[in-house]
Amino acid sequence: MSLSERLEKELIEFARQLVRLQSYSDNEGAVAEAVVAKMRELGYDEAFIDSTGNAVGFIGGGERLIHFDSHMDTVEVNDAEAWLLPPFAAEIKEGRLYGRGSVDMKSALAASVYGAALARELGYAKDKRICVSGSVCEEYCDGENIKMMYKELSLRPDFVVICEPSDNVITLGHKGKAQMRIRTHGLSAHGSAPEKGINAVYEMAEIIGRVEALNKRLTDEGSPHGTIVLSDISCVTASLNAVPSEAEIYLDRRLVLGETEEKVRAEMEELVRGKRASWEIGTLRRTSWKGAPLVYEPLHMAWKLDEESPLFSAANAAYAETFGKAPERYDFWDFGTNAVTPVSMGIATIGFGPGEYKLAHMRDENCEVEKITDAAKFYAALIGRL
């Protein structure tokens, strides 16, 4: 029996297998091993785990390289008892696969693994090289994972598909992101004599008001517009009987097309102006499940695929082949993805994956089963058109 005939049953069972394997960020090893095992079972020419911990597979040996990426990590579940179905049981109810990661994004990972194999069976992979990856720690470090993979394996794809959930709508770009820290600097003193110190929290209070005002100004710029939000706050104090000597806030700034790094830097300078304060890019540091250090600099501009790109016309043709009609619309994600790495390299990139992204990270996360199979067919058709 051909893979085309076995596709639906095998693919959905593989997606269920992945959902059952808990894989919070920096703990994706079991999923990586399952992905590589499946790639080998499907006859990939190469399948291995790189030194970062990404699962990587290749089909074909042509010069044109097409890369499909899905991240293996998920956000945590802290309310399992409140779920309609157990979050790691991978149960199917009314045609939908339930469980943590079913949308974000193990269904897409399974679809990409099978989609590449299907493309080869259909004769679409001739004279091409197809790379499928399951990447680590995307929830914290957009793009750093595949940046390290590209460097280690000396890869520069011609085209990239980020398989994040789009409800099987071709996605042409996403907002940018800048994450920053602001620190205020005070002077510690005993709580019984606060006048002898400088309270860093009080220094921060006015800055917090400025952040809120900046978000309102951004909103007033019309639609689409950028946003900024204070997402974390802390202080350093010698004791509960002391004036805090330092305070820190973490800011999440989302950018629309046309906004620049220079604009962000000017905004930050204005936020700290006249205060005992400094700011910096909110660098994040993690360690992958393989022990590789991940150092993520969260400063990325918004992007959108040029509709003159061969990838755009190929995606439209693949969509028509898969669904029997032209795309009715395209999407543009509000959130960031691993696309920031290939886009920064000037590589044509789109997004496409099963699942409604509004259900990602949520209780009772679930994905329509039929759309998982459809995604695999689209991936295969896209390979054939590129």
# chains A, B, ... in the order shown; residues from 1 in each chain; ligands from 1
>>> closest_atom_pairs(of="range 218-327 of chain A", to="range 42-57 of chain A", cutoff="8 Å", atoms="only C-alpha atoms", output="JSON lines")
{"residue": "A:Ser288", "atom": "CA", "partner": "A:Thr52", "partner_atom": "CA", "distance": 6.5}
{"residue": "A:Trp289", "atom": "CA", "partner": "A:Gly53", "partner_atom": "CA", "distance": 6.4}
{"residue": "A:Lys290", "atom": "CA", "partner": "A:Gly53", "partner_atom": "CA", "distance": 5.3}
{"residue": "A:Gly291", "atom": "CA", "partner": "A:Thr52", "partner_atom": "CA", "distance": 7.4}
{"residue": "A:Ala292", "atom": "CA", "partner": "A:Thr52", "partner_atom": "CA", "distance": 5.3}
>>> select_by_dssp(residues="range 89-165 of chain A", states="strand (DSSP E)", output="ChimeraX atom specification")
/A:92-93,96-98,128-135,159-162
>>> closest_residue(among="A:Ala318, A:Ala116, A:Val19, A:Val264", to="Leu7 in chain A", atoms="only C-alpha atoms")
A:Ala116
>>> select_by_dssp(residues="range 60-305 of chain A", states="alpha helix (DSSP H)", output="PyMOL selection string")
chain A and resi 107-121+144-153+200-220+261-272
>>> closest_residue(among="A:Ile130, A:Ala348, A:Ala277, A:Leu85", to="Ala315 in chain A", atoms="only C-alpha atoms")
A:Ala348
>>> residues_around(residues="range 250-260 of chain A", least_positions_apart="4", cutoff="10 Å", atoms="only C-alpha atoms", output="ChimeraX atom specification")
/A:173-183,211,215,218,223-234,264-265,279-282,298-304,334-336
>>> residues_around(residues="Lys358 in chain A", least_positions_apart="4", cutoff="10 Å", atoms="only C-alpha atoms", output="list in words")
Val103, Pro165, Ser166, Asp167, Met362 and Glu365 of chain A
>>> write_last_selection(atoms="all heavy atoms", output="PDB file, in the first residue's frame")
ATOM      1  N   VAL A 103      -2.049  22.205  18.522  1.00  0.00           N
ATOM      2  CA  VAL A 103      -2.026  23.355  17.620  1.00  0.00           C
ATOM      3  C   VAL A 103      -0.610  23.906  17.502  1.00  0.00           C
ATOM      4  O   VAL A 103      -0.116  24.158  16.403  1.00  0.00           O
ATOM      5  CB  VAL A 103      -2.996  24.452  18.120  1.00  0.00           C
ATOM      6  CG1 VAL A 103      -2.801  25.754  17.335  1.00  0.00           C
ATOM      7  CG2 VAL A 103      -4.432  23.978  17.996  1.00  0.00           C
ATOM      8  N   PRO A 165       0.802  27.386  13.258  1.00  0.00           N
ATOM      9  CA  PRO A 165      -0.630  27.302  12.946  1.00  0.00           C
ATOM     10  C   PRO A 165      -1.161  28.538  12.230  1.00  0.00           C
ATOM     11  O   PRO A 165      -0.971  29.667  12.684  1.00  0.00           O
ATOM     12  CB  PRO A 165      -1.281  27.141  14.324  1.00  0.00           C
ATOM     13  CG  PRO A 165      -0.273  27.667  15.301  1.00  0.00           C
ATOM     14  CD  PRO A 165       1.057  27.320  14.710  1.00  0.00           C
ATOM     15  N   SER A 166      -1.830  28.278  11.103  1.00  0.00           N
ATOM     16  CA  SER A 166      -2.465  29.359  10.338  1.00  0.00           C
ATOM     17  C   SER A 166      -3.847  28.929   9.865  1.00  0.00           C
ATOM     18  O   SER A 166      -4.429  29.597   9.013  1.00  0.00           O
ATOM     19  CB  SER A 166      -1.604  29.725   9.129  1.00  0.00           C
ATOM     20  OG  SER A 166      -1.599  28.676   8.174  1.00  0.00           O
ATOM     21  N   ASP A 167      -4.344  27.804  10.393  1.00  0.00           N
ATOM     22  CA  ASP A 167      -5.619  27.233   9.952  1.00  0.00           C
ATOM     23  C   ASP A 167      -5.575  26.945   8.455  1.00  0.00           C
ATOM     24  O   ASP A 167      -6.565  27.093   7.749  1.00  0.00           O
ATOM     25  CB  ASP A 167      -6.786  28.165  10.298  1.00  0.00           C
ATOM     26  CG  ASP A 167      -8.112  27.409  10.433  1.00  0.00           C
ATOM     27  OD1 ASP A 167      -8.076  26.209  10.744  1.00  0.00           O
ATOM     28  OD2 ASP A 167      -9.166  28.024  10.232  1.00  0.00           O
ATOM     29  N   MET A 362      -3.630  27.634  25.026  1.00  0.00           N
ATOM     30  CA  MET A 362      -4.847  27.723  25.809  1.00  0.00           C
ATOM     31  C   MET A 362      -5.265  26.372  26.382  1.00  0.00           C
ATOM     32  O   MET A 362      -4.843  25.314  25.910  1.00  0.00           O
ATOM     33  CB  MET A 362      -5.987  28.277  24.956  1.00  0.00           C
ATOM     34  CG  MET A 362      -5.789  29.721  24.529  1.00  0.00           C
ATOM     35  SD  MET A 362      -7.261  30.420  23.753  1.00  0.00           S
ATOM     36  CE  MET A 362      -8.412  30.437  25.130  1.00  0.00           C
ATOM     37  N   GLU A 365      -6.589  23.062  24.179  1.00  0.00           N
ATOM     38  CA  GLU A 365      -5.980  23.220  22.855  1.00  0.00           C
ATOM     39  C   GLU A 365      -6.368  22.028  21.978  1.00  0.00           C
ATOM     40  O   GLU A 365      -6.283  20.877  22.400  1.00  0.00           O
ATOM     41  CB  GLU A 365      -4.462  23.294  23.031  1.00  0.00           C
ATOM     42  CG  GLU A 365      -3.671  23.482  21.750  1.00  0.00           C
ATOM     43  CD  GLU A 365      -2.169  23.561  22.023  1.00  0.00           C
ATOM     44  OE1 GLU A 365      -1.763  23.673  23.211  1.00  0.00           O
ATOM     45  OE2 GLU A 365      -1.401  23.509  21.055  1.00  0.00           O
TER      46      GLU A 365
END
>>> closest_residue(among="A:Arg20, A:Asp364, A:Ala381, A:Ile66", to="Ala34 in chain A", atoms="only C-alpha atoms")
A:Arg20
>>> residues_around(residues="range 117-122 of chain A", least_positions_apart="5", cutoff="9 Å", atoms="only C-alpha atoms", output="JSON, numbers by chain")
{"A": [2, 3, 4, 7, 39, 42, 43, 44, 59, 60, 112, 376, 377, 379, 380, 381, 382, 383, 384]}
>>> atom_distance(atom1="CA of Lys106 in chain A", atom2="CA of Phe332 in chain A")
20.9 Å
>>> closest_residue(among="A:Glu297, A:Glu164, A:Glu8, A:Glu370", to="Glu94 in chain A", atoms="only C-alpha atoms")
A:Glu370
>>> closest_residue(among="A:Tyr319, A:Gly346, A:Leu305, A:Arg363", to="Ala82 in chain A", atoms="only C-alpha atoms")
A:Arg363
>>> atom_distance(atom1="CA of Gly351 in chain A", atom2="CA of Val31 in chain A")
22.1 Å
>>> closest_residue(among="A:Thr349, A:Ser102, A:Ser133, A:Ser25", to="Ile12 in chain A", atoms="only C-alpha atoms")
A:Ser102
>>> atom_distance(atom1="CA of Arg385 in chain A", atom2="CA of Glu321 in chain A")
10.0 Å
>>> decode(residues="range 245-262 of chain A", atoms="N, CA and C atoms", output="mmCIF file, in the first residue's frame")
data_model
loop_
_atom_site.group_PDB
_atom_site.id
_atom_site.type_symbol
_atom_site.label_atom_id
_atom_site.label_comp_id
_atom_site.auth_asym_id
_atom_site.auth_seq_id
_atom_site.Cartn_x
_atom_site.Cartn_y
_atom_site.Cartn_z
ATOM 1 N N SER A 245 17.210 49.331 46.115
ATOM 2 C CA SER A 245 18.338 49.990 45.449
ATOM 3 C C SER A 245 18.266 49.877 43.925
ATOM 4 N N GLU A 246 17.446 48.955 43.428
ATOM 5 C CA GLU A 246 17.326 48.783 41.983
ATOM 6 C C GLU A 246 15.938 48.235 41.663
ATOM 7 N N ALA A 247 15.382 48.646 40.552
ATOM 8 C CA ALA A 247 14.129 48.091 40.065
ATOM 9 C C ALA A 247 14.279 47.796 38.581
ATOM 10 N N GLU A 248 13.525 46.820 38.108
ATOM 11 C CA GLU A 248 13.636 46.427 36.706
ATOM 12 C C GLU A 248 12.264 46.102 36.136
ATOM 13 N N ILE A 249 12.021 46.559 34.933
ATOM 14 C CA ILE A 249 10.838 46.121 34.196
ATOM 15 C C ILE A 249 11.286 45.523 32.876
ATOM 16 N N TYR A 250 10.458 44.619 32.346
ATOM 17 C CA TYR A 250 10.707 43.991 31.049
ATOM 18 C C TYR A 250 9.573 44.397 30.126
ATOM 19 N N LEU A 251 9.924 44.852 28.937
ATOM 20 C CA LEU A 251 8.947 45.376 27.996
ATOM 21 C C LEU A 251 8.887 44.518 26.733
ATOM 22 N N ASP A 252 7.682 44.322 26.241
ATOM 23 C CA ASP A 252 7.445 43.607 24.988
ATOM 24 C C ASP A 252 6.857 44.601 23.992
ATOM 25 N N ARG A 253 7.614 44.910 22.961
ATOM 26 C CA ARG A 253 7.215 45.893 21.943
ATOM 27 C C ARG A 253 6.981 45.166 20.621
ATOM 28 N N ARG A 254 5.756 45.199 20.100
ATOM 29 C CA ARG A 254 5.444 44.587 18.811
ATOM 30 C C ARG A 254 5.415 45.665 17.735
ATOM 31 N N LEU A 255 6.002 45.347 16.575
ATOM 32 C CA LEU A 255 6.190 46.330 15.522
ATOM 33 C C LEU A 255 5.434 45.941 14.264
ATOM 34 N N VAL A 256 4.897 46.938 13.577
ATOM 35 C CA VAL A 256 4.231 46.716 12.300
ATOM 36 C C VAL A 256 5.189 47.085 11.174
ATOM 37 N N LEU A 257 4.800 46.728 9.963
ATOM 38 C CA LEU A 257 5.625 47.038 8.802
ATOM 39 C C LEU A 257 5.917 48.534 8.749
ATOM 40 N N GLY A 258 7.160 48.867 8.507
ATOM 41 C CA GLY A 258 7.565 50.264 8.401
ATOM 42 C C GLY A 258 8.196 50.815 9.660
ATOM 43 N N GLU A 259 7.934 50.195 10.811
ATOM 44 C CA GLU A 259 8.599 50.636 12.035
ATOM 45 C C GLU A 259 10.038 50.118 12.033
ATOM 46 N N THR A 260 10.929 50.903 12.600
ATOM 47 C CA THR A 260 12.354 50.612 12.491
ATOM 48 C C THR A 260 13.013 50.442 13.860
ATOM 49 N N GLU A 261 14.201 49.878 13.819
ATOM 50 C CA GLU A 261 15.002 49.760 15.038
ATOM 51 C C GLU A 261 15.309 51.140 15.606
ATOM 52 N N GLU A 262 15.561 52.090 14.735
ATOM 53 C CA GLU A 262 15.866 53.451 15.183
ATOM 54 C C GLU A 262 14.690 54.038 15.956
#
